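Colleague: Hey, dropping upload.tsv in here, TSV, C-alpha atoms:
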chain	number	residue	atom	x	y	z
A	687	MET	CA	149.63	151.05	3.06
A	688	ASP	CA	151.14	151.91	6.44
A	689	LYS	CA	149.14	152.10	9.61
A	690	GLU	CA	148.47	155.86	9.47
A	691	ASP	CA	147.21	155.67	5.90
A	692	HIS	CA	144.96	152.80	6.82
A	693	LYS	CA	143.44	154.88	9.60
A	694	ASN	CA	142.79	157.86	7.35
A	695	PHE	CA	141.31	155.61	4.72
A	696	ARG	CA	138.91	154.22	7.31
A	697	LYS	CA	137.90	157.69	8.48
A	698	TRP	CA	136.61	158.38	5.00
A	699	PHE	CA	133.80	155.86	5.56
A	700	LYS	CA	132.96	156.93	9.09
A	701	PRO	CA	130.85	160.11	8.90
A	702	SER	CA	127.16	159.94	8.05
A	703	TRP	CA	125.93	161.87	5.05
A	704	SER	CA	123.36	164.64	5.36
A	705	TYR	CA	119.72	163.95	4.49
A	706	VAL	CA	120.07	166.22	1.46
A	707	THR	CA	123.06	164.18	0.21
A	708	GLY	CA	120.91	161.07	0.64
A	709	ALA	CA	118.04	162.73	-1.21
A	710	VAL	CA	120.24	163.73	-4.16
A	711	LEU	CA	121.83	160.27	-4.45
A	712	LEU	CA	118.47	158.47	-4.15
A	713	SER	CA	117.02	160.69	-6.88
A	714	ILE	CA	119.95	159.90	-9.18
A	715	LEU	CA	119.46	156.19	-8.44
A	716	GLN	CA	115.73	156.54	-9.24
A	717	VAL	CA	116.36	158.19	-12.61
A	718	ILE	CA	119.05	155.68	-13.65
A	719	THR	CA	116.72	152.85	-12.59
A	720	LEU	CA	113.84	154.29	-14.63
A	721	ILE	CA	116.05	154.55	-17.74
A	722	VAL	CA	117.70	151.12	-17.42
A	723	THR	CA	114.79	148.99	-16.17
A	724	GLN	CA	111.96	151.14	-17.58
A	725	GLU	CA	110.41	151.18	-14.12
A	726	PRO	CA	111.05	153.22	-10.98
A	727	LEU	CA	112.23	151.67	-7.70
A	728	GLY	CA	109.81	149.40	-5.87
A	729	ILE	CA	110.17	146.75	-3.20
A	730	THR	CA	106.93	145.02	-2.35
A	731	SER	CA	106.22	143.45	-5.76
A	732	ALA	CA	108.85	140.89	-4.74
A	733	PHE	CA	106.87	139.92	-1.62
A	734	SER	CA	103.70	139.67	-3.73
A	735	TYR	CA	105.45	137.46	-6.21
A	736	TRP	CA	106.79	134.97	-3.65
A	737	ALA	CA	103.49	134.98	-1.74
A	738	MET	CA	101.76	133.90	-4.97
A	739	ARG	CA	104.43	131.31	-5.65
A	740	LEU	CA	104.07	129.86	-2.17
A	741	GLN	CA	100.30	129.79	-2.48
A	742	GLY	CA	100.59	128.05	-5.83
A	743	PHE	CA	103.00	125.56	-4.31
A	744	LEU	CA	100.65	124.87	-1.39
A	745	GLY	CA	97.85	124.41	-3.89
A	746	PHE	CA	95.41	127.13	-2.95
A	747	ALA	CA	96.15	129.85	-5.49
A	748	THR	CA	93.33	131.15	-7.65
A	749	PRO	CA	93.59	130.48	-11.39
A	750	ALA	CA	94.22	134.20	-11.97
A	751	GLN	CA	97.19	134.15	-9.58
A	752	LEU	CA	98.62	131.04	-11.20
A	753	ALA	CA	98.28	132.69	-14.60
A	754	VAL	CA	100.30	135.68	-13.42
A	755	VAL	CA	103.05	133.45	-12.07
A	756	SER	CA	103.26	131.20	-15.11
A	757	GLN	CA	103.32	134.25	-17.38
A	758	LEU	CA	106.22	135.67	-15.40
A	759	ILE	CA	108.33	132.55	-15.54
A	760	ALA	CA	107.21	131.26	-18.95
A	761	GLY	CA	109.78	130.46	-21.60
A	762	ARG	CA	112.82	131.19	-19.48
A	763	GLU	CA	115.48	129.00	-18.10
A	764	THR	CA	115.16	130.57	-14.73
A	765	LEU	CA	117.50	130.64	-11.83
A	766	TRP	CA	115.89	131.74	-8.58
A	767	PHE	CA	117.36	135.23	-8.78
A	768	GLU	CA	116.22	135.79	-12.32
A	769	GLU	CA	112.60	134.86	-11.66
A	770	ASN	CA	111.99	138.10	-9.85
A	771	LEU	CA	114.71	140.71	-10.21
A	772	VAL	CA	113.17	142.94	-7.55
A	773	THR	CA	113.99	140.15	-5.06
A	774	LEU	CA	117.62	140.36	-6.13
A	775	ARG	CA	117.56	144.13	-5.61
A	776	ASN	CA	115.95	143.73	-2.17
A	777	LEU	CA	118.72	141.32	-1.19
A	778	GLY	CA	121.12	143.99	-2.44
A	779	ILE	CA	119.51	146.55	-0.11
A	780	VAL	CA	120.17	144.31	2.92
A	781	LEU	CA	123.78	143.63	1.91
A	782	GLY	CA	124.45	147.23	0.85
A	783	ALA	CA	123.29	148.40	4.27
A	784	LEU	CA	125.43	145.70	5.91
A	785	LEU	CA	128.45	146.87	3.90
A	786	SER	CA	127.84	150.50	4.87
A	787	ALA	CA	127.39	149.59	8.54
A	788	LEU	CA	130.57	147.49	8.60
A	789	LEU	CA	132.74	150.10	6.89
A	790	ALA	CA	131.55	152.68	9.42
A	791	SER	CA	131.87	150.18	12.32
A	792	GLN	CA	128.16	150.62	13.08
A	793	PHE	CA	127.09	147.00	12.78
A	794	ARG	CA	125.50	145.81	16.03
A	795	LEU	CA	123.53	142.62	16.50
A	796	LYS	CA	120.38	143.93	18.20
A	797	LYS	CA	118.56	141.11	19.93
A	798	ILE	CA	114.83	141.05	20.45
A	799	LYS	CA	114.26	142.44	23.93
A	800	SER	CA	110.82	141.13	24.82
A	801	TRP	CA	107.85	139.27	23.46
A	802	GLN	CA	105.96	142.57	23.28
A	803	GLN	CA	108.60	143.89	20.90
A	804	ALA	CA	108.37	140.73	18.80
A	805	LEU	CA	104.58	141.04	18.70
A	806	MET	CA	104.83	144.69	17.62
A	807	ALA	CA	107.29	143.72	14.89
A	808	LEU	CA	104.98	140.99	13.62
A	809	LEU	CA	101.83	143.12	13.80
A	810	GLY	CA	103.54	146.07	12.09
A	811	GLY	CA	104.73	143.77	9.34
A	812	LEU	CA	101.27	142.26	8.86
A	813	LEU	CA	99.68	145.70	8.56
A	814	MET	CA	102.33	146.89	6.10
A	815	GLY	CA	102.03	143.73	4.02
A	816	TYR	CA	98.26	144.02	3.78
A	817	GLY	CA	98.31	147.77	3.17
A	818	SER	CA	100.97	147.63	0.48
A	819	SER	CA	99.32	144.77	-1.38
A	820	ILE	CA	95.94	146.53	-1.67
A	821	ALA	CA	97.39	150.00	-2.34
A	822	SER	CA	99.92	148.62	-4.86
A	823	GLY	CA	103.08	149.64	-3.09
A	824	CYS	CA	104.95	150.88	-0.07
A	825	ASN	CA	106.80	154.07	0.87
A	826	ILE	CA	109.05	153.50	-2.12
A	827	GLY	CA	106.83	152.13	-4.90
A	828	ALA	CA	103.54	153.87	-4.12
A	829	PHE	CA	104.77	157.03	-2.36
A	830	PHE	CA	108.29	157.99	-3.55
A	831	SER	CA	108.05	156.51	-7.06
A	832	GLY	CA	104.34	157.33	-7.35
A	833	ILE	CA	104.79	161.03	-6.62
A	834	GLY	CA	107.99	161.12	-8.67
A	835	SER	CA	105.98	159.72	-11.62
A	836	MET	CA	103.43	162.55	-11.13
A	837	SER	CA	100.71	160.07	-10.26
A	838	LEU	CA	97.83	161.44	-8.19
A	839	SER	CA	97.71	158.05	-6.41
A	840	GLY	CA	101.11	158.85	-4.86
A	841	TRP	CA	99.77	162.04	-3.27
A	842	VAL	CA	96.59	160.36	-1.99
A	843	PHE	CA	98.62	157.45	-0.58
A	844	GLY	CA	101.07	159.92	1.01
A	845	LEU	CA	98.29	161.89	2.71
A	846	PHE	CA	96.83	158.76	4.29
A	847	LEU	CA	100.28	157.44	5.17
A	848	PHE	CA	100.74	160.64	7.14
A	849	ILE	CA	97.40	160.12	8.91
A	850	GLY	CA	98.29	156.47	9.58
A	851	ALA	CA	101.69	157.46	10.97
A	852	PHE	CA	99.95	159.96	13.26
A	853	ILE	CA	97.60	157.24	14.58
A	854	GLY	CA	100.56	154.86	14.92
A	855	GLY	CA	102.45	157.46	16.94
A	856	LYS	CA	99.49	157.86	19.31
A	857	LEU	CA	99.22	154.07	19.73
A	858	LEU	CA	102.95	153.86	20.41
A	859	ILE	CA	102.75	156.51	23.15
A	860	ARG	CA	99.67	154.94	24.71
A	861	PHE	CA	100.83	151.35	24.84
A	862	LEU	CA	104.59	151.43	24.96
A	863	LEU	CA	105.89	154.55	26.62
B	1408	MET	CA	141.09	152.32	29.02
B	1409	LYS	CA	140.66	148.66	28.36
B	1410	LEU	CA	137.16	149.25	27.01
B	1411	SER	CA	138.35	151.91	24.62
B	1412	ASN	CA	141.03	149.58	23.26
B	1413	GLN	CA	138.42	146.94	22.75
B	1414	LYS	CA	136.34	149.48	20.88
B	1415	LYS	CA	139.26	150.35	18.63
B	1416	ASP	CA	139.79	146.66	17.92
B	1417	ASP	CA	136.14	146.31	17.05
B	1418	PHE	CA	136.32	149.23	14.61
B	1419	ALA	CA	139.34	147.78	12.85
B	1420	LYS	CA	137.74	144.34	12.71
B	1421	GLN	CA	134.45	145.56	11.29
B	1422	PHE	CA	136.23	147.60	8.66
B	1423	SER	CA	138.28	144.61	7.55
B	1424	VAL	CA	135.21	142.40	7.37
B	1425	GLY	CA	133.55	145.18	5.36
B	1426	LEU	CA	136.39	145.18	2.84
B	1427	VAL	CA	136.12	141.40	2.42
B	1428	LEU	CA	132.37	141.72	1.96
B	1429	PHE	CA	132.91	144.47	-0.62
B	1430	VAL	CA	135.12	142.18	-2.70
B	1431	MET	CA	132.61	139.34	-2.43
B	1432	LEU	CA	129.70	141.54	-3.49
B	1433	LEU	CA	131.72	142.73	-6.50
B	1434	MET	CA	132.50	139.14	-7.47
B	1435	VAL	CA	128.78	138.33	-7.40
B	1436	ALA	CA	128.20	141.40	-9.61
B	1437	ILE	CA	130.74	140.14	-12.15
B	1438	PHE	CA	129.13	136.70	-12.14
B	1439	LEU	CA	125.68	138.23	-12.67
B	1440	PHE	CA	126.99	140.51	-15.43
B	1441	GLN	CA	128.23	137.49	-17.36
B	1442	TYR	CA	124.81	135.91	-16.85
B	1443	THR	CA	122.87	138.98	-18.03
B	1444	PRO	CA	123.83	142.65	-17.56
B	1445	MET	CA	120.30	143.41	-16.31
B	1446	THR	CA	120.62	141.06	-13.33
B	1447	ALA	CA	123.89	142.79	-12.45
B	1448	PHE	CA	122.14	146.16	-12.63
B	1449	PHE	CA	119.41	145.09	-10.20
B	1450	TRP	CA	122.08	143.71	-7.85
B	1451	LEU	CA	124.27	146.81	-7.94
B	1452	SER	CA	121.33	149.24	-7.69
B	1453	GLY	CA	120.10	147.35	-4.62
B	1454	LEU	CA	123.54	147.57	-3.01
B	1455	GLY	CA	123.67	151.28	-3.80
B	1456	PHE	CA	120.17	151.81	-2.43
B	1457	GLY	CA	121.00	150.05	0.84
B	1458	TYR	CA	124.33	151.84	1.14
B	1459	ILE	CA	122.75	155.29	0.63
B	1460	LEU	CA	119.89	154.56	3.07
B	1461	GLN	CA	122.24	153.40	5.82
B	1462	ARG	CA	124.90	156.06	5.40
B	1463	SER	CA	122.50	159.02	5.19
B	1464	ARG	CA	120.11	157.65	7.86
B	1465	PHE	CA	117.36	158.28	5.34
B	1466	CYS	CA	114.08	157.05	6.80
B	1467	PHE	CA	110.63	157.45	5.28
B	1468	VAL	CA	108.98	156.44	8.56
B	1469	ALA	CA	110.69	159.22	10.49
B	1470	ALA	CA	109.81	161.68	7.71
B	1471	LEU	CA	106.09	160.98	8.10
B	1472	ARG	CA	106.03	160.31	11.86
B	1473	ASP	CA	108.36	162.85	13.46
B	1474	PRO	CA	106.56	166.10	12.57
B	1475	ALA	CA	103.63	165.05	14.74
B	1476	LEU	CA	105.53	162.95	17.29
B	1477	THR	CA	108.63	165.03	18.06
B	1478	GLY	CA	108.16	168.16	15.96
B	1479	SER	CA	111.37	167.52	14.02
B	1480	THR	CA	111.12	167.92	10.24
B	1481	ALA	CA	114.77	167.34	9.25
B	1482	VAL	CA	114.09	163.97	7.57
B	1483	THR	CA	110.78	165.25	6.20
B	1484	ARG	CA	112.62	168.02	4.38
B	1485	GLY	CA	115.12	165.47	3.03
B	1486	VAL	CA	112.27	163.38	1.64
B	1487	LEU	CA	110.68	166.48	0.08
B	1488	VAL	CA	113.99	167.30	-1.64
B	1489	ALA	CA	114.10	163.73	-2.97
B	1490	LEU	CA	110.49	163.99	-4.19
B	1491	GLY	CA	111.24	167.28	-5.99
B	1492	LEU	CA	114.46	166.09	-7.64
B	1493	THR	CA	112.97	162.73	-8.66
B	1494	THR	CA	109.95	164.53	-10.14
B	1495	ILE	CA	112.24	166.68	-12.28
B	1496	GLY	CA	114.36	163.70	-13.37
B	1497	PHE	CA	111.42	161.40	-14.10
B	1498	THR	CA	109.53	164.10	-15.99
B	1499	ALA	CA	112.57	164.83	-18.17
B	1500	VAL	CA	112.92	161.12	-19.02
B	1501	LYS	CA	109.20	160.64	-19.60
B	1502	TYR	CA	108.93	163.80	-21.71
B	1503	PHE	CA	111.86	162.63	-23.87
B	1504	TYR	CA	110.09	159.31	-24.54
B	1505	HIS	CA	106.89	161.24	-25.26
B	1506	LEU	CA	108.64	163.59	-27.73
B	1507	THR	CA	110.29	160.71	-29.56
B	1508	SER	CA	106.94	158.84	-29.69
B	1509	GLN	CA	108.21	155.91	-27.65
B	1510	THR	CA	106.33	154.12	-24.88
B	1511	ILE	CA	106.72	156.23	-21.74
B	1512	PRO	CA	108.53	154.14	-19.08
B	1513	GLY	CA	107.18	153.45	-15.62
B	1514	GLN	CA	103.54	154.26	-16.37
B	1515	SER	CA	102.48	151.09	-14.53
B	1516	TYR	CA	103.26	153.07	-11.36
B	1517	ILE	CA	100.29	155.34	-12.08
B	1518	ALA	CA	98.13	153.34	-9.67
B	1519	SER	CA	94.36	153.27	-9.28
B	1520	ILE	CA	92.83	155.56	-6.67
B	1521	GLY	CA	90.07	154.49	-4.31
B	1522	MET	CA	89.29	153.16	-0.89
B	1523	ASN	CA	92.20	150.74	-1.38
B	1524	THR	CA	94.58	153.73	-1.47
B	1525	VAL	CA	92.98	155.30	1.61
B	1526	VAL	CA	92.79	152.14	3.75
B	1527	GLY	CA	96.12	150.85	2.44
B	1528	GLY	CA	97.81	154.16	3.29
B	1529	ILE	CA	96.38	154.34	6.80
B	1530	ILE	CA	97.18	150.78	7.82
B	1531	PHE	CA	100.60	150.91	6.17
B	1532	GLY	CA	101.22	154.14	8.11
B	1533	ILE	CA	100.22	152.55	11.41
B	1534	GLY	CA	102.21	149.40	10.68
B	1535	MET	CA	105.44	151.18	9.79
B	1536	VAL	CA	105.37	153.25	12.98
B	1537	ILE	CA	104.76	150.34	15.35
B	1538	ALA	CA	107.30	148.16	13.53
B	1539	GLY	CA	109.82	151.03	13.46
B	1540	GLY	CA	110.56	150.70	9.77
B	1541	CYS	CA	108.86	150.50	6.39
B	1542	ALA	CA	109.78	148.10	3.59
B	1543	SER	CA	113.09	149.75	2.71
B	1544	GLY	CA	113.87	150.63	6.34
B	1545	MET	CA	113.19	147.05	7.43
B	1546	LEU	CA	115.59	145.66	4.81
B	1547	MET	CA	118.21	148.25	5.77
B	1548	ARG	CA	117.91	147.47	9.49
B	1549	ILE	CA	118.20	143.73	8.89
B	1550	GLY	CA	121.55	144.60	7.29
B	1551	GLU	CA	122.47	146.72	10.32
B	1552	GLY	CA	121.82	143.75	12.62
B	1553	PHE	CA	118.29	144.26	13.96
B	1554	GLU	CA	116.81	140.81	14.68
B	1555	MET	CA	113.40	142.38	15.29
B	1556	HIS	CA	113.01	143.29	11.64
B	1557	LEU	CA	113.37	139.67	10.56
B	1558	ILE	CA	110.04	139.12	12.35
B	1559	THR	CA	108.64	142.18	10.59
B	1560	LEU	CA	109.70	140.63	7.29
B	1561	VAL	CA	107.78	137.43	8.10
B	1562	GLY	CA	104.72	139.52	9.05
B	1563	PHE	CA	105.10	141.57	5.87
B	1564	PHE	CA	105.10	138.41	3.78
B	1565	LEU	CA	102.02	136.96	5.53
B	1566	GLY	CA	100.17	140.29	5.29
B	1567	THR	CA	100.97	140.43	1.59
B	1568	MET	CA	99.57	136.95	1.11
B	1569	LEU	CA	96.33	137.92	2.84
B	1570	GLY	CA	96.07	141.20	0.93
B	1571	ASN	CA	96.69	139.46	-2.39
B	1572	ASN	CA	93.65	137.31	-1.81
B	1573	HIS	CA	91.47	140.33	-1.05
B	1574	LEU	CA	92.84	142.34	-3.95
B	1575	ALA	CA	90.05	141.41	-6.35
B	1576	TRP	CA	87.48	142.68	-3.86
B	1577	TRP	CA	89.30	145.99	-3.29
B	1578	ASN	CA	89.75	146.45	-7.03
B	1579	ASN	CA	86.02	146.13	-7.60
B	1580	HIS	CA	84.69	148.17	-4.71
B	1581	LEU	CA	84.94	151.89	-4.02
B	1582	ILE	CA	87.44	152.61	-6.77
B	1583	TRP	CA	87.29	156.27	-7.82
B	1584	SER	CA	89.72	156.05	-10.69
B	1585	LYS	CA	90.56	152.64	-12.07
B	1586	GLU	CA	93.19	153.87	-14.52
B	1587	GLY	CA	94.73	156.29	-12.03
B	1588	VAL	CA	95.55	159.91	-12.84
B	1589	PHE	CA	98.78	160.98	-14.56
B	1590	LEU	CA	98.95	164.68	-13.69
B	1591	PRO	CA	100.34	165.80	-17.11
B	1592	ASP	CA	97.13	164.43	-18.68
B	1593	LEU	CA	95.22	166.93	-16.56
B	1594	PHE	CA	97.43	170.01	-16.59
B	1595	GLY	CA	99.85	169.46	-19.48
B	1596	TRP	CA	103.53	168.57	-18.98
B	1597	VAL	CA	104.71	172.02	-17.92
B	1598	GLY	CA	101.60	172.79	-15.88
B	1599	ALA	CA	101.79	169.52	-13.95
B	1600	LEU	CA	105.51	169.94	-13.27
B	1601	VAL	CA	105.06	173.51	-12.04
B	1602	ILE	CA	102.05	172.65	-9.86
B	1603	GLN	CA	103.74	169.62	-8.33
B	1604	LEU	CA	106.99	171.49	-7.59
B	1605	LEU	CA	104.99	174.35	-6.07
B	1606	VAL	CA	103.15	171.92	-3.78
B	1607	ILE	CA	106.45	170.30	-2.74
B	1608	GLY	CA	107.93	173.77	-2.15
B	1609	LEU	CA	104.91	174.78	-0.09
B	1610	LEU	CA	105.22	171.63	2.05
B	1611	TYR	CA	108.92	172.38	2.51
B	1612	GLY	CA	108.06	175.88	3.73
B	1613	LEU	CA	105.47	174.45	6.11
B	1614	ALA	CA	108.02	171.95	7.43
B	1615	VAL	CA	110.51	174.75	8.14
B	1616	LYS	CA	107.85	176.82	9.92
B	1617	TRP	CA	106.54	173.81	11.87
B	1618	GLU	CA	109.99	173.01	13.27
B	1619	ALA	CA	110.64	176.67	14.15
B	1620	LYS	CA	107.32	176.78	15.99
B	1621	GLN	CA	108.28	173.74	18.11
B	1622	GLU	CA	111.47	175.41	19.29
B	1623	LEU	CA	109.72	178.48	20.68
Go through the file and emit its structure as structure tokens.

Modeller:
Amino acid sequence: MDKEDHKNFRKWFKPSWSYVTGAVLLSILQVITLIVTQEPLGITSAFSYWAMRLQGFLGFATPAQLAVVSQLIAGRETLWFEENLVTLRNLGIVLGALLSALLASQFRLKKIKSWQQALMALLGGLLMGYGSSIASGCNIGAFFSGIGSMSLSGWVFGLFLFIGAFIGGKLLIRFLL
Amino acid sequence: MKLSNQKKDDFAKQFSVGLVLFVMLLMVAIFLFQYTPMTAFFWLSGLGFGYILQRSRFCFVAALRDPALTGSTAVTRGVLVALGLTTIGFTAVKYFYHLTSQTIPGQSYIASIGMNTVVGGIIFGIGMVIAGGCASGMLMRIGEGFEMHLITLVGFFLGTMLGNNHLAWWNNHLIWSKEGVFLPDLFGWVGALVIQLLVIGLLYGLAVKWEAKQEL
């Protein structure tokens, strides 16, 4: 490959795709995932799983939680990545995004600017973690996959997500900008 | 001039690192495939998911936040297209399993509806806006190099732990439908599909009008 070819080859990875292209590809990924794994895409079940494992390890899990964990890992010679396959997929999301960013030369190490920003990040994470664990999912599992599965819960969750995002936007304007 | 050369160097360097990473990720996929094909599928589908999210700048937070915050509905319309297409695809798969009298896949995603859905939705909505990313967006941005979202991940994990311990309470209080509602059970397969696609279409129309109104 000479230098000019190399440049053209790189250009192929540079432009962003349209939102509609993203929507079509994500839908194809959803359908393939449903057929192969018998479940739609979801993310947060992995966090739930490791939270229960950690609690069990620290010795303050309820018997019901321990039962769920032991059922999940029973009778298998498990490697860490096989215990919870959603964790493996989540790791894939991080590395797939890293790959995409590198090929498009968009990777930038963005440092934390202030303690306020760090606090916001932590608080936002806490709220999302609590919300997703009681509503059985996040924007992907409860909203995208829920509505895609024609579950009424997906629509209800979506409506209140929208209201929550509205409140969050107001808070952001009031305290940050 | 010097800066622009540096920039060019950076582009070339990142691309080369990307190619090396690509080969490494494929090698992991081959290893996993030999272990079990299913682990390789989860790995590759995750990589694909992250790649699509980053390259198309697809963001569920922006889709739900921007109509009210900036008046833009471009991402919102993208999400609505995804919802419509996924509905069609999922329903085709589910209907096939139904016709052939097999267990319909993915029915565990028909979640219960109650105060847990309402409160969970609102606080998740607030959280994702102040953190600047939801679960998928957070993972994607960690890959893009945002240190901030590593903190969000820690918060997410701790919040999940707390929520897990309150789950029994939420599941026993103010639940309106414990089994959840699968729309085809209410309206029939065709009826549910038509109604849902009409609602998505209506929201799409609203999104177009809303954005046009902002520009006036």

Colleague: Smallest atom-to-atom distance to B:Met1535: which of B:Phe1422, B:Tyr1516, B:Phe1497, B:Phe1563, using all atoms listed in the file?

Modeller: B:Phe1563

Colleague: Which is closest to chain A among B:Cys1466, B:Ile1607, B:Ala1489, B:Leu1600, if we use only C-alpha atoms?

Modeller: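 The shortest atom-to-atom distance to chain A comes from B:Ala1489.
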
Colleague: Counting only C-alpha atoms, figure out which residue out of A:Ile729, A:Val772, A:Leu838, A:Leu845 gets nearest to A:Ser818.

Modeller: A:Ile729

Colleague: Using only C-alpha atoms, pick whichever of A:Ala851, A:Leu715, A:Val710, A:Ile820 has the shortest atom-to-atom distance to B:Trp1576.

Modeller: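 Closest to B:Trp1576, using only C-alpha atoms: A:Ile820.
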
Colleague: In Å, how far is it from atom CA of A:Phe846 to atom CA of A:Cys824?

Modeller: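 If I compute the distance from atom CA of A:Phe846 to atom CA of A:Cys824, I get 12.1 Å.
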
Colleague: The residues within 9 Å of (108.3, 162.5, -9.9), using all atoms listed in the file and the coordinates of the file, should be reported as an MDAnalysis selection string; which are they?

Modeller: (chainID A and resid 830:837) or (chainID B and resid 1490:1498 1600 1603)

Colleague: Taking (125.6, 144.3, -11.9) in the file's coordinates, which residues come within 12 Å, counting only C-alpha atoms, written as a list in words?

Modeller: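 Residues close enough to count: Val722, Leu771, Leu774, Arg775 and Gly778 of chain A; Leu1432, Leu1433, Met1434, Val1435, Ala1436, Ile1437, Phe1438, Leu1439, Phe1440, Gln1441, Tyr1442, Thr1443, Pro1444, Met1445, Thr1446, Ala1447, Phe1448, Phe1449, Trp1450, Leu1451, Ser1452, Gly1453, Leu1454 and Gly1455 of chain B.
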
Colleague: Give the answer as one residue: which of B:Leu1506, B:Val1430, B:Ala1499, B:Ile1537 has the shortest atom-to-atom distance to chain A, using only C-alpha atoms?

Modeller: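 The answer is B:Ile1537, which sits nearest to chain A.
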
Colleague: Just want the 9 Å neighbourhood of B:Ala1538, counted on only C-alpha atoms, with same-chain residues fewer than 3 positions away dropped. Output as an mmCIF file with C-alpha atoms, in the coordinates of the input.

Modeller:
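Written file, part-v8.cif:
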data_model
loop_
_atom_site.group_PDB
_atom_site.id
_atom_site.type_symbol
_atom_site.label_atom_id
_atom_site.label_comp_id
_atom_site.auth_asym_id
_atom_site.auth_seq_id
_atom_site.Cartn_x
_atom_site.Cartn_y
_atom_site.Cartn_z
ATOM 1 C CA GLN A 803 108.600 143.890 20.900
ATOM 2 C CA MET A 806 104.830 144.690 17.620
ATOM 3 C CA ALA A 807 107.290 143.720 14.890
ATOM 4 C CA LEU A 808 104.980 140.990 13.620
ATOM 5 C CA LEU A 809 101.830 143.120 13.800
ATOM 6 C CA GLY A 810 103.540 146.070 12.090
ATOM 7 C CA GLY A 811 104.730 143.770 9.340
ATOM 8 C CA ILE B 1533 100.220 152.550 11.410
ATOM 9 C CA GLY B 1534 102.210 149.400 10.680
ATOM 10 C CA MET B 1535 105.440 151.180 9.790
ATOM 11 C CA CYS B 1541 108.860 150.500 6.390
ATOM 12 C CA MET B 1545 113.190 147.050 7.430
ATOM 13 C CA MET B 1555 113.400 142.380 15.290
ATOM 14 C CA HIS B 1556 113.010 143.290 11.640
ATOM 15 C CA THR B 1559 108.640 142.180 10.590
#

Colleague: What are the closest atom pairs, with distances in Å to one decimal, for each residue of stretch 1544-1563 of chain B lying within 10 Å of stretch 781-797 of chain A, using all atoms listed in the file, rows by chain and rising residue number, as a tab-separated table?

Modeller:
residue	atom	partner	partner_atom	distance
B:Gly1544	CA	A:Ala783	CA	9.9
B:Leu1546	CA	A:Ala783	CA	8.2
B:Met1547	CA	A:Ala783	CA	5.3
B:Arg1548	CA	A:Ala783	CA	7.6
B:Ile1549	CA	A:Leu784	CA	8.1
B:Gly1550	CA	A:Leu784	CA	4.3
B:Glu1551	CA	A:Phe793	CA	5.2
B:Gly1552	CA	A:Leu795	CA	4.4
B:Phe1553	CA	A:Lys796	CA	4.7
B:Glu1554	CA	A:Lys797	CA	5.5
B:Met1555	CA	A:Lys797	CA	7.1
B:His1556	CA	A:Lys796	CA	9.9

Colleague: Please, what distance in Å, to one decimal, runs between atom CA of B:Lys1620 and atom CA of B:Ser1463?

Modeller: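 Interatomic distance here is 25.7 Å.
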
Colleague: Between A:Ile849, A:Ala747, A:Phe733, A:Leu752, which one has atoms that come closest to A:Met814, using all atoms listed in the file?

Modeller: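 When distances to A:Met814 are compared using all atoms listed in the file, the smallest one comes from A:Phe733.
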
Colleague: If you count only C-alpha atoms, which residues fall within 7 Å of A:Gly850, apart from same-chain ones fewer than 5 positions away, as a list in words?

Modeller: Gly1528, Ile1529, Ile1530, Phe1531, Gly1532 and Ile1533 of chain B

Colleague: In Å to one decimal, how far is atom CA of A:Val706 from atom CA of B:Asp1417?

Modeller: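 Those two atoms sit 30.0 Å apart.
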